[in-house]
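J.: What follows is a structure written as structure tokens; I'll ask about it next.
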Amino acid sequence: SVLGYVSIGAILAVALGCAVVALLRGRPRVGAAAAVVLLGANLTTQILKETILDRPDLGFGTLNSLPSGHTTVVASAVGAVLLVAPGALRPTVALAGGFATTLTGASTIVAGWHRPADVMAALAVSLIWTAVVAAVLHGPRHPVGGTVAGAIAGCIGALAFLVAVGVR
């Protein structure tokens with residue numbers, strides 16, 4: 001049921017939210033950068049999935065698409081929000097984002113939609129787009145320690161949640 005919330009409408013809502021926050025903060029360039037992350041990561045995933053990467057059917061009952069579109073949507077949304085969020089909120093955004101991304105990726109595997117490598121590929125696409133855009137936008141001057149710690153805590157929290165609800 002978590003996967004039902006991941007849609008084109010969700011991407012548009014995140015893009016609009018990022019634009020509003022960026023404009024309220026007087027940083028339209030950051031809002032544009034967030035849009036580049038969302039658009040770039042999701043288009044890259046669709047192009048890879050539909051035209052470049054081929055997944056043989058190995059009888060696992062999965063749809064054999066690489067990378068996972070659902071995971072890309074959530075991970076790129078987290079990257080976009082991290083770009084526009086004020087520095088003090090980034091660890092919290094990373095915590096919630098790590099939780100949401102891990103829950104989404106794991107859910108696609110549990111639902112039989114994807115193999116673990118499909119989720120990893122989606123994370124790689126989203127991280128590359130976010131890292132490149134952030135480097136162009138900010139350069140190496142921003143510390144990321146709190147953000148990384150928040151993301152790790154969110155991922156661990158999601159895994160604990162999945163175990164607690166009985167996902168094996």
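Residue numbers start at 1 in each chain; chains themselves are named A, B, ... in the order of the structure tokens; ligands are numbered from 1 in the order shown.
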Please provide as a list in words all residues within 10 Å of Arg25 of chain A, with the sequence filter that same-chain residues fewer than 6 positions apart are discarded (counting only C-alpha atoms).
T.: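 Counting only the stated atoms, we get Ala19, Gly31, Val84, Ala85 and Pro86 of chain A.
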J.: Excluding same-chain residues fewer than 6 positions from Val20 of chain A, what lies within 12 Å of it counting only C-alpha atoms, as a list in words?
T.: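 Contacts, in chain order: Ala13, Val14, Gly26, Arg27, Pro28, Val30, Gly31, Ala32, Ala34, Ala35, Val81, Val84 and Ala85 of chain A.
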J.: So which one's closest to Arg29 of chain A, A:Ala10, A:Val133, A:Thr108, A:Ala164? Using only C-alpha atoms, please.
T.: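 Result for the nearest residue to Arg29 of chain A: A:Val133.
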J.: Report, in Å to a single decimal, how far apart atom CA of Thr92 of chain A and atom CA of Ala33 of chain A are.
T.: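 Taking atom CA of Ala33 of chain A as the start and atom CA of Thr92 of chain A as the end point, the length is 20.4 Å.
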J.: Env of segment 68-72 of chain A: 10 Å cut, atoms = only C-alpha atoms, seq-sep filter 2 positions within chain, self excluded. Answer as a short mmCIF file (atom, residue, chain, number, x, y, z; two decimals) with N, CA and C atoms, in the first residue's frame.
T.:
```cif
data_model
loop_
_atom_site.label_atom_id
_atom_site.label_comp_id
_atom_site.auth_asym_id
_atom_site.auth_seq_id
_atom_site.Cartn_x
_atom_site.Cartn_y
_atom_site.Cartn_z
N LEU A 3 3.39 1.80 -1.80
CA LEU A 3 3.79 2.09 -3.18
C LEU A 3 2.72 2.86 -3.94
N GLY A 4 1.48 2.81 -3.48
CA GLY A 4 0.41 3.55 -4.13
C GLY A 4 0.55 5.05 -4.03
N TYR A 5 1.34 5.52 -3.09
CA TYR A 5 1.54 6.96 -2.91
C TYR A 5 2.64 7.51 -3.82
N VAL A 6 3.37 6.63 -4.46
CA VAL A 6 4.47 7.05 -5.33
C VAL A 6 3.92 7.18 -6.74
N SER A 7 3.84 8.43 -7.24
CA SER A 7 3.20 8.66 -8.53
C SER A 7 3.75 9.93 -9.18
N LEU A 38 15.00 16.14 -9.80
CA LEU A 38 13.78 15.35 -10.00
C LEU A 38 13.63 14.90 -11.45
N ALA A 41 16.87 12.56 -12.68
CA ALA A 41 16.91 11.19 -12.14
C ALA A 41 15.77 10.34 -12.70
N ASN A 42 14.58 10.92 -12.76
CA ASN A 42 13.43 10.12 -13.21
C ASN A 42 13.47 9.86 -14.72
N LEU A 43 13.92 10.82 -15.50
CA LEU A 43 14.08 10.57 -16.94
C LEU A 43 15.18 9.55 -17.19
N THR A 44 16.28 9.66 -16.46
CA THR A 44 17.38 8.71 -16.61
C THR A 44 16.90 7.29 -16.32
N THR A 45 16.15 7.13 -15.24
CA THR A 45 15.64 5.80 -14.89
C THR A 45 14.74 5.26 -15.99
N GLN A 46 13.85 6.09 -16.51
CA GLN A 46 12.95 5.61 -17.55
C GLN A 46 13.70 5.25 -18.84
N LYS A 49 15.59 2.02 -18.18
CA LYS A 49 14.65 0.91 -18.06
C LYS A 49 14.05 0.52 -19.41
N ASN A 64 11.28 -7.47 -13.73
CA ASN A 64 12.58 -7.37 -14.39
C ASN A 64 12.88 -5.99 -14.96
N SER A 65 12.55 -4.95 -14.24
CA SER A 65 12.90 -3.62 -14.74
C SER A 65 14.00 -3.03 -13.88
N LEU A 66 14.97 -2.50 -14.55
CA LEU A 66 16.16 -1.93 -13.89
C LEU A 66 16.38 -0.55 -14.46
N VAL A 74 11.15 8.40 -5.06
CA VAL A 74 11.31 8.78 -3.65
C VAL A 74 12.72 9.29 -3.37
N ALA A 75 13.73 8.58 -3.85
CA ALA A 75 15.11 9.00 -3.57
C ALA A 75 15.43 10.35 -4.21
N SER A 76 14.95 10.59 -5.42
CA SER A 76 15.20 11.89 -6.05
C SER A 76 14.42 13.00 -5.36
N ALA A 77 13.23 12.68 -4.86
CA ALA A 77 12.46 13.68 -4.10
C ALA A 77 13.21 14.07 -2.84
N VAL A 78 13.80 13.10 -2.18
CA VAL A 78 14.58 13.39 -0.98
C VAL A 78 15.77 14.27 -1.34
N ALA A 100 11.78 6.82 4.22
CA ALA A 100 10.86 6.67 3.08
C ALA A 100 11.50 5.92 1.92
N THR A 101 12.76 6.23 1.64
CA THR A 101 13.45 5.57 0.53
C THR A 101 13.66 4.09 0.81
N THR A 102 14.09 3.78 2.02
CA THR A 102 14.30 2.38 2.39
C THR A 102 12.98 1.61 2.38
N LEU A 103 11.93 2.21 2.91
CA LEU A 103 10.62 1.56 2.93
C LEU A 103 10.12 1.32 1.51
N THR A 104 10.30 2.28 0.64
CA THR A 104 9.85 2.12 -0.75
C THR A 104 10.65 1.04 -1.47
N GLY A 105 11.97 1.12 -1.37
CA GLY A 105 12.81 0.12 -2.03
C GLY A 105 12.52 -1.29 -1.54
N ALA A 106 12.42 -1.44 -0.23
CA ALA A 106 12.13 -2.76 0.33
C ALA A 106 10.74 -3.24 -0.08
N SER A 107 9.80 -2.32 -0.15
CA SER A 107 8.43 -2.69 -0.53
C SER A 107 8.37 -3.20 -1.96
N THR A 108 9.17 -2.61 -2.86
CA THR A 108 9.15 -3.10 -4.24
C THR A 108 9.71 -4.52 -4.33
N ILE A 109 10.65 -4.83 -3.46
CA ILE A 109 11.22 -6.18 -3.44
C ILE A 109 10.23 -7.16 -2.84
N TRP A 113 8.09 -6.84 -7.28
CA TRP A 113 8.21 -5.97 -8.45
C TRP A 113 9.65 -5.85 -8.92
N HIS A 114 10.59 -5.98 -7.99
CA HIS A 114 11.99 -5.74 -8.33
C HIS A 114 12.91 -6.66 -7.57
N ARG A 115 14.10 -6.80 -8.12
CA ARG A 115 15.20 -7.47 -7.43
C ARG A 115 15.97 -6.40 -6.65
N PRO A 116 16.76 -6.79 -5.67
CA PRO A 116 17.54 -5.80 -4.92
C PRO A 116 18.43 -4.93 -5.80
N ALA A 117 18.99 -5.50 -6.86
CA ALA A 117 19.86 -4.72 -7.75
C ALA A 117 19.09 -3.60 -8.44
N ASP A 118 17.80 -3.79 -8.68
CA ASP A 118 16.98 -2.75 -9.30
C ASP A 118 16.86 -1.54 -8.37
N VAL A 119 16.71 -1.82 -7.09
CA VAL A 119 16.62 -0.75 -6.09
C VAL A 119 17.97 -0.05 -5.96
N MET A 120 19.05 -0.82 -5.93
CA MET A 120 20.38 -0.23 -5.84
C MET A 120 20.67 0.66 -7.04
N ALA A 121 20.26 0.23 -8.23
CA ALA A 121 20.47 1.04 -9.43
C ALA A 121 19.69 2.35 -9.34
N ALA A 122 18.48 2.29 -8.82
CA ALA A 122 17.66 3.50 -8.65
C ALA A 122 18.32 4.46 -7.66
N LEU A 123 18.86 3.91 -6.58
CA LEU A 123 19.56 4.75 -5.61
C LEU A 123 20.79 5.39 -6.24
N ALA A 124 21.51 4.63 -7.05
CA ALA A 124 22.71 5.17 -7.70
C ALA A 124 22.33 6.31 -8.65
N VAL A 125 21.29 6.12 -9.45
CA VAL A 125 20.85 7.18 -10.37
C VAL A 125 20.49 8.44 -9.59
N SER A 126 19.72 8.29 -8.54
CA SER A 126 19.27 9.44 -7.75
C SER A 126 20.43 10.12 -7.03
N LEU A 127 21.32 9.33 -6.46
CA LEU A 127 22.47 9.90 -5.76
C LEU A 127 23.41 10.62 -6.71
#
```
J.: Distance atom CA of Asp54 of chain A-atom CA of Gly98 of chain A, one decimal place?
T.: 28.2 Å
J.: Out of A:Gly87, A:Ala160, A:Arg55, A:Gly79, which residue has the shortest atom-to-atom distance to Gly40 of chain A when counting only C-alpha atoms?
T.: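 Counting only C-alpha atoms, the residue closest to Gly40 of chain A is A:Gly79.
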J.: For each of A:Ala80, A:Cys18, A:Leu24, A:Ala153, take the minimum atom-to-atom distance to Ala131 of chain A, counting only C-alpha atoms, then give the residue where this is smallest.
T.: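 Result for the nearest residue to Ala131 of chain A: A:Ala80.
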J.: How many Å lie between atom CA of Leu53 of chain A and atom CA of Pro67 of chain A, rounded to one decimal?
T.: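 According to the coordinates, atom CA of Leu53 of chain A and atom CA of Pro67 of chain A are separated by 8.6 Å.
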